[in-house]
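Heads up, target.txt below (compact mmCIF, N, CA and C atoms):
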```txt
# COMPACT_ATOMS: atom_id res chain seq x y z
N LYS A 1446 102.55 100.71 118.92
CA LYS A 1446 103.05 99.94 117.80
C LYS A 1446 102.94 100.79 116.54
N ARG A 1447 104.02 100.93 115.85
CA ARG A 1447 104.03 101.70 114.62
C ARG A 1447 103.79 100.77 113.44
N GLY A 1448 102.97 101.24 112.53
CA GLY A 1448 102.68 100.45 111.34
C GLY A 1448 102.52 101.35 110.14
N SER A 1449 102.07 100.79 109.08
CA SER A 1449 101.89 101.56 107.85
C SER A 1449 100.50 102.17 107.78
N TYR A 1450 99.72 102.08 108.82
CA TYR A 1450 98.37 102.63 108.85
C TYR A 1450 98.27 103.67 109.96
N PRO A 1451 98.74 104.90 109.69
CA PRO A 1451 98.82 105.90 110.76
C PRO A 1451 97.46 106.30 111.31
N CYS A 1452 96.40 106.21 110.51
CA CYS A 1452 95.07 106.59 111.01
C CYS A 1452 94.63 105.63 112.12
N VAL A 1453 94.91 104.36 111.95
CA VAL A 1453 94.51 103.38 112.95
C VAL A 1453 95.41 103.46 114.16
N VAL A 1454 96.67 103.78 113.96
CA VAL A 1454 97.62 103.85 115.07
C VAL A 1454 97.32 105.04 115.96
N CYS A 1455 97.08 106.23 115.36
CA CYS A 1455 96.87 107.42 116.19
C CYS A 1455 95.44 107.49 116.71
N CYS A 1456 94.49 106.98 115.99
CA CYS A 1456 93.08 106.98 116.44
C CYS A 1456 92.69 105.55 116.79
N CYS A 1457 91.53 105.40 117.33
CA CYS A 1457 91.09 104.04 117.59
C CYS A 1457 90.43 103.47 116.32
N ARG A 1458 90.31 102.18 116.28
CA ARG A 1458 89.81 101.50 115.08
C ARG A 1458 88.36 101.85 114.81
N LYS A 1459 87.58 102.09 115.85
CA LYS A 1459 86.16 102.39 115.66
C LYS A 1459 85.97 103.71 114.91
N LYS A 1460 86.76 104.73 115.24
CA LYS A 1460 86.65 106.01 114.56
C LYS A 1460 87.02 105.89 113.09
N CYS A 1461 88.04 105.09 112.82
CA CYS A 1461 88.45 104.91 111.42
C CYS A 1461 87.37 104.19 110.63
N LEU A 1462 86.75 103.20 111.22
CA LEU A 1462 85.68 102.48 110.53
C LEU A 1462 84.45 103.35 110.33
N LEU A 1463 84.13 104.20 111.31
CA LEU A 1463 82.99 105.11 111.15
C LEU A 1463 83.26 106.13 110.05
N PHE A 1464 84.47 106.66 109.98
CA PHE A 1464 84.81 107.58 108.91
C PHE A 1464 84.72 106.90 107.55
N ASN A 1465 85.19 105.67 107.49
CA ASN A 1465 85.13 104.91 106.25
C ASN A 1465 83.69 104.64 105.84
N ASP A 1466 82.82 104.38 106.80
CA ASP A 1466 81.41 104.17 106.50
C ASP A 1466 80.75 105.43 105.98
N MET A 1467 81.16 106.59 106.51
CA MET A 1467 80.60 107.85 106.01
C MET A 1467 81.00 108.09 104.56
N VAL A 1468 82.25 107.77 104.22
CA VAL A 1468 82.69 107.89 102.82
C VAL A 1468 81.89 106.95 101.93
N LEU A 1469 81.64 105.75 102.41
CA LEU A 1469 80.87 104.78 101.63
C LEU A 1469 79.43 105.24 101.44
N ILE A 1470 78.81 105.81 102.46
CA ILE A 1470 77.44 106.31 102.34
C ILE A 1470 77.37 107.46 101.34
N ILE A 1471 78.33 108.37 101.40
CA ILE A 1471 78.35 109.49 100.46
C ILE A 1471 78.55 108.99 99.03
N ALA A 1472 79.43 108.01 98.86
CA ALA A 1472 79.67 107.47 97.52
C ALA A 1472 78.43 106.76 96.98
N THR A 1473 77.73 106.04 97.84
CA THR A 1473 76.52 105.34 97.40
C THR A 1473 75.41 106.32 97.04
N LEU A 1474 75.25 107.37 97.82
CA LEU A 1474 74.26 108.40 97.48
C LEU A 1474 74.63 109.10 96.17
N ASN A 1475 75.91 109.36 95.98
CA ASN A 1475 76.36 109.99 94.75
C ASN A 1475 76.05 109.10 93.54
N THR A 1476 76.30 107.82 93.66
CA THR A 1476 76.01 106.89 92.57
C THR A 1476 74.51 106.78 92.35
N GLY A 1477 73.73 106.79 93.42
CA GLY A 1477 72.28 106.68 93.29
C GLY A 1477 71.66 107.90 92.63
N PHE A 1478 72.13 109.09 92.98
CA PHE A 1478 71.58 110.31 92.39
C PHE A 1478 72.10 110.57 90.99
N SER A 1479 73.14 109.86 90.58
CA SER A 1479 73.68 110.08 89.24
C SER A 1479 72.70 109.63 88.16
N ARG A 1480 71.87 108.67 88.46
CA ARG A 1480 70.89 108.22 87.49
C ARG A 1480 69.85 109.30 87.25
N ARG A 1481 69.44 109.97 88.31
CA ARG A 1481 68.46 111.05 88.16
C ARG A 1481 69.07 112.24 87.42
N ALA A 1482 70.35 112.53 87.71
CA ALA A 1482 71.01 113.66 87.07
C ALA A 1482 71.53 113.32 85.66
N LYS A 1483 71.54 112.03 85.34
CA LYS A 1483 72.05 111.54 84.05
C LYS A 1483 73.48 112.01 83.81
N SER A 1484 74.32 111.77 84.81
CA SER A 1484 75.70 112.23 84.76
C SER A 1484 76.66 111.04 84.87
N LEU A 1485 77.46 110.84 83.85
CA LEU A 1485 78.44 109.77 83.86
C LEU A 1485 79.57 110.07 84.86
N GLU A 1486 79.90 111.35 85.01
CA GLU A 1486 80.98 111.72 85.93
C GLU A 1486 80.63 111.38 87.37
N MET A 1487 79.37 111.57 87.74
CA MET A 1487 78.96 111.23 89.11
C MET A 1487 79.05 109.73 89.35
N ILE A 1488 78.74 108.94 88.34
CA ILE A 1488 78.87 107.48 88.47
C ILE A 1488 80.32 107.10 88.68
N LEU A 1489 81.21 107.69 87.89
CA LEU A 1489 82.64 107.36 88.00
C LEU A 1489 83.21 107.78 89.35
N ILE A 1490 82.86 108.95 89.82
CA ILE A 1490 83.35 109.41 91.12
C ILE A 1490 82.80 108.53 92.24
N GLY A 1491 81.51 108.20 92.16
CA GLY A 1491 80.91 107.34 93.17
C GLY A 1491 81.53 105.96 93.21
N ARG A 1492 81.78 105.39 92.03
CA ARG A 1492 82.40 104.06 91.99
C ARG A 1492 83.83 104.09 92.51
N PHE A 1493 84.56 105.16 92.20
CA PHE A 1493 85.91 105.29 92.71
C PHE A 1493 85.92 105.36 94.23
N LEU A 1494 85.03 106.17 94.81
CA LEU A 1494 84.96 106.28 96.27
C LEU A 1494 84.50 104.98 96.91
N GLU A 1495 83.59 104.27 96.26
CA GLU A 1495 83.16 102.97 96.81
C GLU A 1495 84.30 101.97 96.81
N GLY A 1496 85.09 101.94 95.75
CA GLY A 1496 86.24 101.03 95.70
C GLY A 1496 87.30 101.40 96.71
N PHE A 1497 87.55 102.69 96.87
CA PHE A 1497 88.51 103.16 97.86
C PHE A 1497 88.07 102.77 99.27
N SER A 1498 86.79 102.96 99.55
CA SER A 1498 86.25 102.64 100.87
C SER A 1498 86.28 101.14 101.14
N ALA A 1499 85.97 100.35 100.12
CA ALA A 1499 86.00 98.89 100.30
C ALA A 1499 87.41 98.39 100.55
N GLY A 1500 88.38 98.98 99.88
CA GLY A 1500 89.78 98.58 100.10
C GLY A 1500 90.29 98.97 101.47
N ARG A 1501 89.88 100.11 101.98
CA ARG A 1501 90.34 100.55 103.30
C ARG A 1501 89.69 99.74 104.42
N THR A 1502 88.47 99.28 104.23
CA THR A 1502 87.79 98.51 105.27
C THR A 1502 88.54 97.23 105.59
N LEU A 1503 89.08 96.58 104.57
CA LEU A 1503 89.82 95.33 104.81
C LEU A 1503 91.05 95.58 105.66
N HIS A 1504 91.75 96.68 105.42
CA HIS A 1504 92.97 96.97 106.20
C HIS A 1504 92.63 97.28 107.65
N TYR A 1505 91.56 98.03 107.87
CA TYR A 1505 91.19 98.41 109.24
C TYR A 1505 90.71 97.21 110.03
N SER A 1506 89.95 96.34 109.41
CA SER A 1506 89.39 95.21 110.16
C SER A 1506 90.44 94.15 110.46
N MET A 1507 91.52 94.09 109.67
CA MET A 1507 92.55 93.09 109.94
C MET A 1507 93.50 93.52 111.04
N LEU A 1508 93.45 94.78 111.45
CA LEU A 1508 94.36 95.27 112.49
C LEU A 1508 93.73 95.20 113.87
N MET A 1509 93.17 94.09 114.21
CA MET A 1509 92.52 93.94 115.52
C MET A 1509 93.54 93.81 116.62
```
Serialized structure, structure tokens:
Amino acid sequence: KRGSYPCVVCCCRKKCLLFNDMVLIIATLNTGFSRRAKSLEMILIGRFLEGFSAGRTLHYSMLM
């Protein structure tokens, strides 16, 4: 079945969700360490990656 989500179509859903979780973990660590580094840019990058990861999770889970 062809759809607008080529990652889920060519790979299985579990691999896509695991990759998405890795991006979320990296983003959360980046946001957490930004307080110690006192860097606004790290906060912005971490929040962007967290939002991107949260948006992708909904698409992957609905394609059961």
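The spacing separating atom N of Arg1481 (chain A) from CA of Arg1501 (chain A) amounts to 27.4 Å.
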Quick one: pull the distance between atom N of Leu1489 (chain A) and atom C of Leu1469 (chain A), Å, one decimal.
13.9 Å
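Distance annotation: of A:Asn1475, A:Val1468, A:Ala1482, A:Leu1463, the residue with the minimal separation from Leu1494 (chain A) is A:Val1468; atom set is all atoms listed in the file.
Reported to one decimal place, the separation of CA of Gly1496 (chain A) from CA of Cys1461 (chain A) is 16.3 Å.
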Show me, as AutoDock Vina command-line options, the centre and edge lengths in Å to one decimal of the axis-aligned box that covers every listed atom of region 1484-1502 of chain A with 5 Å on each side.
```
--center_x 82.3 --center_y 104.7 --center_z 94.7 --size_x 26.0 --size_y 25.0 --size_z 31.7
```
Using all atoms listed in the file, the residue out of A:Ser1479, A:Asp1466, A:Leu1485, A:Lys1460 with shortest distance to Ser1498 (chain A) is A:Asp1466
Quick one: region 1471-1496 of chain A with N, CA, C and O atoms, as a PDB file, in the first residue's frame?
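Writing done, so here's result02.pdb:
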```
ATOM      1  N   ILE A1471      17.266  12.207  22.445  1.00  0.00           N
ATOM      2  CA  ILE A1471      18.342  13.168  22.179  1.00  0.00           C
ATOM      3  C   ILE A1471      17.861  14.591  22.412  1.00  0.00           C
ATOM      4  O   ILE A1471      18.564  15.418  23.005  1.00  0.00           O
ATOM      5  N   ALA A1472      16.643  14.894  21.974  1.00  0.00           N
ATOM      6  CA  ALA A1472      16.104  16.241  22.167  1.00  0.00           C
ATOM      7  C   ALA A1472      15.904  16.549  23.646  1.00  0.00           C
ATOM      8  O   ALA A1472      16.178  17.663  24.106  1.00  0.00           O
ATOM      9  N   THR A1473      15.438  15.573  24.408  1.00  0.00           N
ATOM     10  CA  THR A1473      15.225  15.788  25.833  1.00  0.00           C
ATOM     11  C   THR A1473      16.548  15.985  26.570  1.00  0.00           C
ATOM     12  O   THR A1473      16.652  16.859  27.444  1.00  0.00           O
ATOM     13  N   LEU A1474      17.559  15.205  26.214  1.00  0.00           N
ATOM     14  CA  LEU A1474      18.879  15.398  26.821  1.00  0.00           C
ATOM     15  C   LEU A1474      19.460  16.762  26.451  1.00  0.00           C
ATOM     16  O   LEU A1474      20.074  17.431  27.285  1.00  0.00           O
ATOM     17  N   ASN A1475      19.262  17.170  25.204  1.00  0.00           N
ATOM     18  CA  ASN A1475      19.740  18.474  24.771  1.00  0.00           C
ATOM     19  C   ASN A1475      19.068  19.590  25.564  1.00  0.00           C
ATOM     20  O   ASN A1475      19.726  20.541  26.000  1.00  0.00           O
ATOM     21  N   THR A1476      17.773  19.492  25.768  1.00  0.00           N
ATOM     22  CA  THR A1476      17.053  20.497  26.545  1.00  0.00           C
ATOM     23  C   THR A1476      17.489  20.463  28.005  1.00  0.00           C
ATOM     24  O   THR A1476      17.630  21.508  28.640  1.00  0.00           O
ATOM     25  N   GLY A1477      17.725  19.277  28.538  1.00  0.00           N
ATOM     26  CA  GLY A1477      18.146  19.163  29.932  1.00  0.00           C
ATOM     27  C   GLY A1477      19.527  19.735  30.186  1.00  0.00           C
ATOM     28  O   GLY A1477      19.764  20.409  31.194  1.00  0.00           O
ATOM     29  N   PHE A1478      20.457  19.488  29.268  1.00  0.00           N
ATOM     30  CA  PHE A1478      21.817  20.003  29.444  1.00  0.00           C
ATOM     31  C   PHE A1478      21.935  21.479  29.095  1.00  0.00           C
ATOM     32  O   PHE A1478      22.952  22.108  29.391  1.00  0.00           O
ATOM     33  N   SER A1479      20.924  22.043  28.460  1.00  0.00           N
ATOM     34  CA  SER A1479      20.995  23.457  28.106  1.00  0.00           C
ATOM     35  C   SER A1479      20.959  24.344  29.343  1.00  0.00           C
ATOM     36  O   SER A1479      21.514  25.440  29.340  1.00  0.00           O
ATOM     37  N   ARG A1480      20.345  23.895  30.391  1.00  0.00           N
ATOM     38  CA  ARG A1480      20.304  24.679  31.616  1.00  0.00           C
ATOM     39  C   ARG A1480      21.692  24.768  32.231  1.00  0.00           C
ATOM     40  O   ARG A1480      22.116  25.824  32.698  1.00  0.00           O
ATOM     41  N   ARG A1481      22.423  23.667  32.198  1.00  0.00           N
ATOM     42  CA  ARG A1481      23.779  23.669  32.742  1.00  0.00           C
ATOM     43  C   ARG A1481      24.705  24.522  31.878  1.00  0.00           C
ATOM     44  O   ARG A1481      25.579  25.219  32.376  1.00  0.00           O
ATOM     45  N   ALA A1482      24.521  24.458  30.548  1.00  0.00           N
ATOM     46  CA  ALA A1482      25.371  25.225  29.643  1.00  0.00           C
ATOM     47  C   ALA A1482      24.924  26.688  29.517  1.00  0.00           C
ATOM     48  O   ALA A1482      25.632  27.490  28.942  1.00  0.00           O
ATOM     49  N   LYS A1483      23.730  26.983  30.018  1.00  0.00           N
ATOM     50  CA  LYS A1483      23.143  28.334  29.935  1.00  0.00           C
ATOM     51  C   LYS A1483      23.093  28.818  28.486  1.00  0.00           C
ATOM     52  O   LYS A1483      23.537  29.910  28.155  1.00  0.00           O
ATOM     53  N   SER A1484      22.528  27.962  27.635  1.00  0.00           N
ATOM     54  CA  SER A1484      22.474  28.257  26.208  1.00  0.00           C
ATOM     55  C   SER A1484      21.023  28.280  25.729  1.00  0.00           C
ATOM     56  O   SER A1484      20.313  27.269  25.807  1.00  0.00           O
ATOM     57  N   LEU A1485      20.597  29.419  25.230  1.00  0.00           N
ATOM     58  CA  LEU A1485      19.249  29.550  24.703  1.00  0.00           C
ATOM     59  C   LEU A1485      19.086  28.759  23.398  1.00  0.00           C
ATOM     60  O   LEU A1485      18.024  28.208  23.137  1.00  0.00           O
ATOM     61  N   GLU A1486      20.158  28.687  22.611  1.00  0.00           N
ATOM     62  CA  GLU A1486      20.085  27.972  21.338  1.00  0.00           C
ATOM     63  C   GLU A1486      19.837  26.480  21.547  1.00  0.00           C
ATOM     64  O   GLU A1486      19.110  25.863  20.782  1.00  0.00           O
ATOM     65  N   MET A1487      20.443  25.910  22.583  1.00  0.00           N
ATOM     66  CA  MET A1487      20.212  24.486  22.859  1.00  0.00           C
ATOM     67  C   MET A1487      18.771  24.237  23.266  1.00  0.00           C
ATOM     68  O   MET A1487      18.187  23.208  22.897  1.00  0.00           O
ATOM     69  N   ILE A1488      18.183  25.166  23.995  1.00  0.00           N
ATOM     70  CA  ILE A1488      16.770  25.030  24.372  1.00  0.00           C
ATOM     71  C   ILE A1488      15.892  25.055  23.131  1.00  0.00           C
ATOM     72  O   ILE A1488      14.988  24.219  22.966  1.00  0.00           O
ATOM     73  N   LEU A1489      16.158  25.996  22.233  1.00  0.00           N
ATOM     74  CA  LEU A1489      15.342  26.117  21.021  1.00  0.00           C
ATOM     75  C   LEU A1489      15.476  24.893  20.120  1.00  0.00           C
ATOM     76  O   LEU A1489      14.475  24.391  19.596  1.00  0.00           O
ATOM     77  N   ILE A1490      16.684  24.397  19.958  1.00  0.00           N
ATOM     78  CA  ILE A1490      16.885  23.203  19.127  1.00  0.00           C
ATOM     79  C   ILE A1490      16.210  21.989  19.768  1.00  0.00           C
ATOM     80  O   ILE A1490      15.551  21.195  19.088  1.00  0.00           O
ATOM     81  N   GLY A1491      16.358  21.845  21.080  1.00  0.00           N
ATOM     82  CA  GLY A1491      15.723  20.728  21.777  1.00  0.00           C
ATOM     83  C   GLY A1491      14.213  20.772  21.689  1.00  0.00           C
ATOM     84  O   GLY A1491      13.564  19.752  21.442  1.00  0.00           O
ATOM     85  N   ARG A1492      13.639  21.961  21.850  1.00  0.00           N
ATOM     86  CA  ARG A1492      12.183  22.083  21.760  1.00  0.00           C
ATOM     87  C   ARG A1492      11.680  21.808  20.346  1.00  0.00           C
ATOM     88  O   ARG A1492      10.627  21.208  20.150  1.00  0.00           O
ATOM     89  N   PHE A1493      12.445  22.253  19.346  1.00  0.00           N
ATOM     90  CA  PHE A1493      12.066  21.978  17.966  1.00  0.00           C
ATOM     91  C   PHE A1493      12.063  20.479  17.693  1.00  0.00           C
ATOM     92  O   PHE A1493      11.114  19.944  17.098  1.00  0.00           O
ATOM     93  N   LEU A1494      13.111  19.783  18.129  1.00  0.00           N
ATOM     94  CA  LEU A1494      13.183  18.334  17.912  1.00  0.00           C
ATOM     95  C   LEU A1494      12.101  17.593  18.695  1.00  0.00           C
ATOM     96  O   LEU A1494      11.555  16.599  18.209  1.00  0.00           O
ATOM     97  N   GLU A1495      11.783  18.068  19.890  1.00  0.00           N
ATOM     98  CA  GLU A1495      10.703  17.434  20.659  1.00  0.00           C
ATOM     99  C   GLU A1495       9.360  17.601  19.962  1.00  0.00           C
ATOM    100  O   GLU A1495       8.561  16.663  19.899  1.00  0.00           O
ATOM    101  N   GLY A1496       9.096  18.782  19.419  1.00  0.00           N
ATOM    102  CA  GLY A1496       7.848  19.006  18.691  1.00  0.00           C
ATOM    103  C   GLY A1496       7.777  18.188  17.417  1.00  0.00           C
ATOM    104  O   GLY A1496       6.726  17.628  17.075  1.00  0.00           O
TER     105      GLY A1496
END
```
